[in-house]
Amino acid sequence: MTNSKFLFFLIILICITSCKKNDIPSDNDKIIVLDTISKNDQKNIRSIGETLAADSKKKVENWPEYQQLDQLLTNFYSISNSEALNLSKELSMTTQQLKDSVKIDRFKEPDISIRINVLHNNVLRLNDMASIPSINPTEVKDEIQKILDAFSALNTKINNITNQEKLEAEVKTIEIR
């Protein structure tokens with residue numbers, strides 16, 4: 001009888017030790033939660049590369065859709081992933097309004113419209129990301145950076161056009177003399 005008791009306890013002991021550890025954390029276990037809204041996410045976003053020069057600002061001062069987009073994008077320099085995803089719908093409407101509201105004839109040329117389209121497409125991609133429940137925070141940061149870079153490229157082109165027009169005007173005044 002003692003052999004059967006010993007065998008019984010040995011089987012119980014083997015079953016207990018071979019069982020997988022319970023996945024429920026105890027009080028002593030540390031739980032690390034990664035927050036997608038942490039300030040560390042913001043460190044990888046570079047600020048906009050180029051802003052408008054003074055002459056260029058005068059050129060777009062009567063373009064309220066540009067002003068609205070510029071103001072909205074300033075929030076994206078230090079925004080969390082969840083805030084960016086929440087604002088993506090508003091940003092997509094604003095960029096659509098920008099596309100539809102180009103009043104300056106020179107800005108209706110392909111070199112500007114292409115940059116506006118690239119910006120709008122990146123914003124639409126961010127808006128699509130808002131509907132994906134398991135989106136990677138790095139992908140959101142990358143898309144925010146692409147949006148800021150596209151806006152910077154638009155600003156660069158506007159600055160270049162303004163400088164070119166200023167140079168052309170100077171050349172005309174020199175030719176007239």
# chains A, B, ... in the order shown; residues from 1 in each chain; ligands from 1
>>> residues_around(residues="Lys141 (chain A)", least_positions_apart="3", cutoff="7 Å", atoms="only C-alpha atoms", output="list in words")
Ile45, Asn81, Pro137, Thr138, Ile144 and Gln145 of chain A
>>> write_last_selection(atoms="N, CA and C atoms", output="tab-separated table (two decimals), in the first residue's frame")
chain	number	residue	atom	x	y	z
A	45	ILE	N	9.58	62.80	-34.19
A	45	ILE	CA	8.98	63.66	-35.20
A	45	ILE	C	9.79	64.94	-35.32
A	81	ASN	N	0.05	59.78	-30.81
A	81	ASN	CA	-0.52	58.96	-31.89
A	81	ASN	C	-2.04	58.99	-31.87
A	137	PRO	N	2.30	52.06	-33.62
A	137	PRO	CA	2.61	53.47	-33.33
A	137	PRO	C	3.72	54.04	-34.20
A	138	THR	N	4.67	53.22	-34.59
A	138	THR	CA	5.75	53.69	-35.46
A	138	THR	C	5.20	54.08	-36.83
A	144	ILE	N	2.85	60.80	-39.88
A	144	ILE	CA	2.85	62.20	-39.44
A	144	ILE	C	4.06	62.92	-40.01
A	145	GLN	N	5.21	62.26	-39.98
A	145	GLN	CA	6.42	62.87	-40.51
A	145	GLN	C	6.30	63.10	-42.01
>>> closest_atom_pairs(of="region 116-170 of chain A", to="region 94-103 of chain A", cutoff="9 Å", atoms="only C-alpha atoms", output="JSON lines")
{"residue": "A:Ile116", "atom": "CA", "partner": "A:Lys99", "partner_atom": "CA", "distance": 6.5}
{"residue": "A:Asn117", "atom": "CA", "partner": "A:Lys99", "partner_atom": "CA", "distance": 7.5}
{"residue": "A:Leu119", "atom": "CA", "partner": "A:Thr95", "partner_atom": "CA", "distance": 7.5}
{"residue": "A:His120", "atom": "CA", "partner": "A:Thr95", "partner_atom": "CA", "distance": 5.6}
{"residue": "A:Val123", "atom": "CA", "partner": "A:Thr95", "partner_atom": "CA", "distance": 7.7}
>>> closest_residue(among="A:Ala84, A:Val60, A:Ala150, A:Glu170", to="Met129 (chain A)", atoms="only C-alpha atoms")
A:Ala84
>>> atom_distance(atom1="CA of Lys157 (chain A)", atom2="CA of Leu72 (chain A)")
19.9 Å
>>> closest_residue(among="A:Ile132, A:Leu148, A:Ile79, A:Ile16", to="Arg115 (chain A)", atoms="only C-alpha atoms")
A:Leu148
>>> closest_residue(among="A:Ala130, A:Ile176, A:Ile14, A:Ile147", to="Ser82 (chain A)", atoms="only C-alpha atoms")
A:Ala130
>>> atom_distance(atom1="CA of Lys166 (chain A)", atom2="CA of Asp55 (chain A)")
9.1 Å
>>> atom_distance(atom1="CA of Ala153 (chain A)", atom2="CA of Ser113 (chain A)")
11.6 Å
>>> select_by_dssp(residues="region 60-153 of chain A", states="alpha helix (DSSP H)", output="PyMOL selection string")
chain A and resi 60+64-74+81-100+110-129+137-153
>>> closest_residue(among="A:Leu73, A:Ile158, A:Leu85, A:Ile11", to="Glu109 (chain A)", atoms="only C-alpha atoms")
A:Ile158
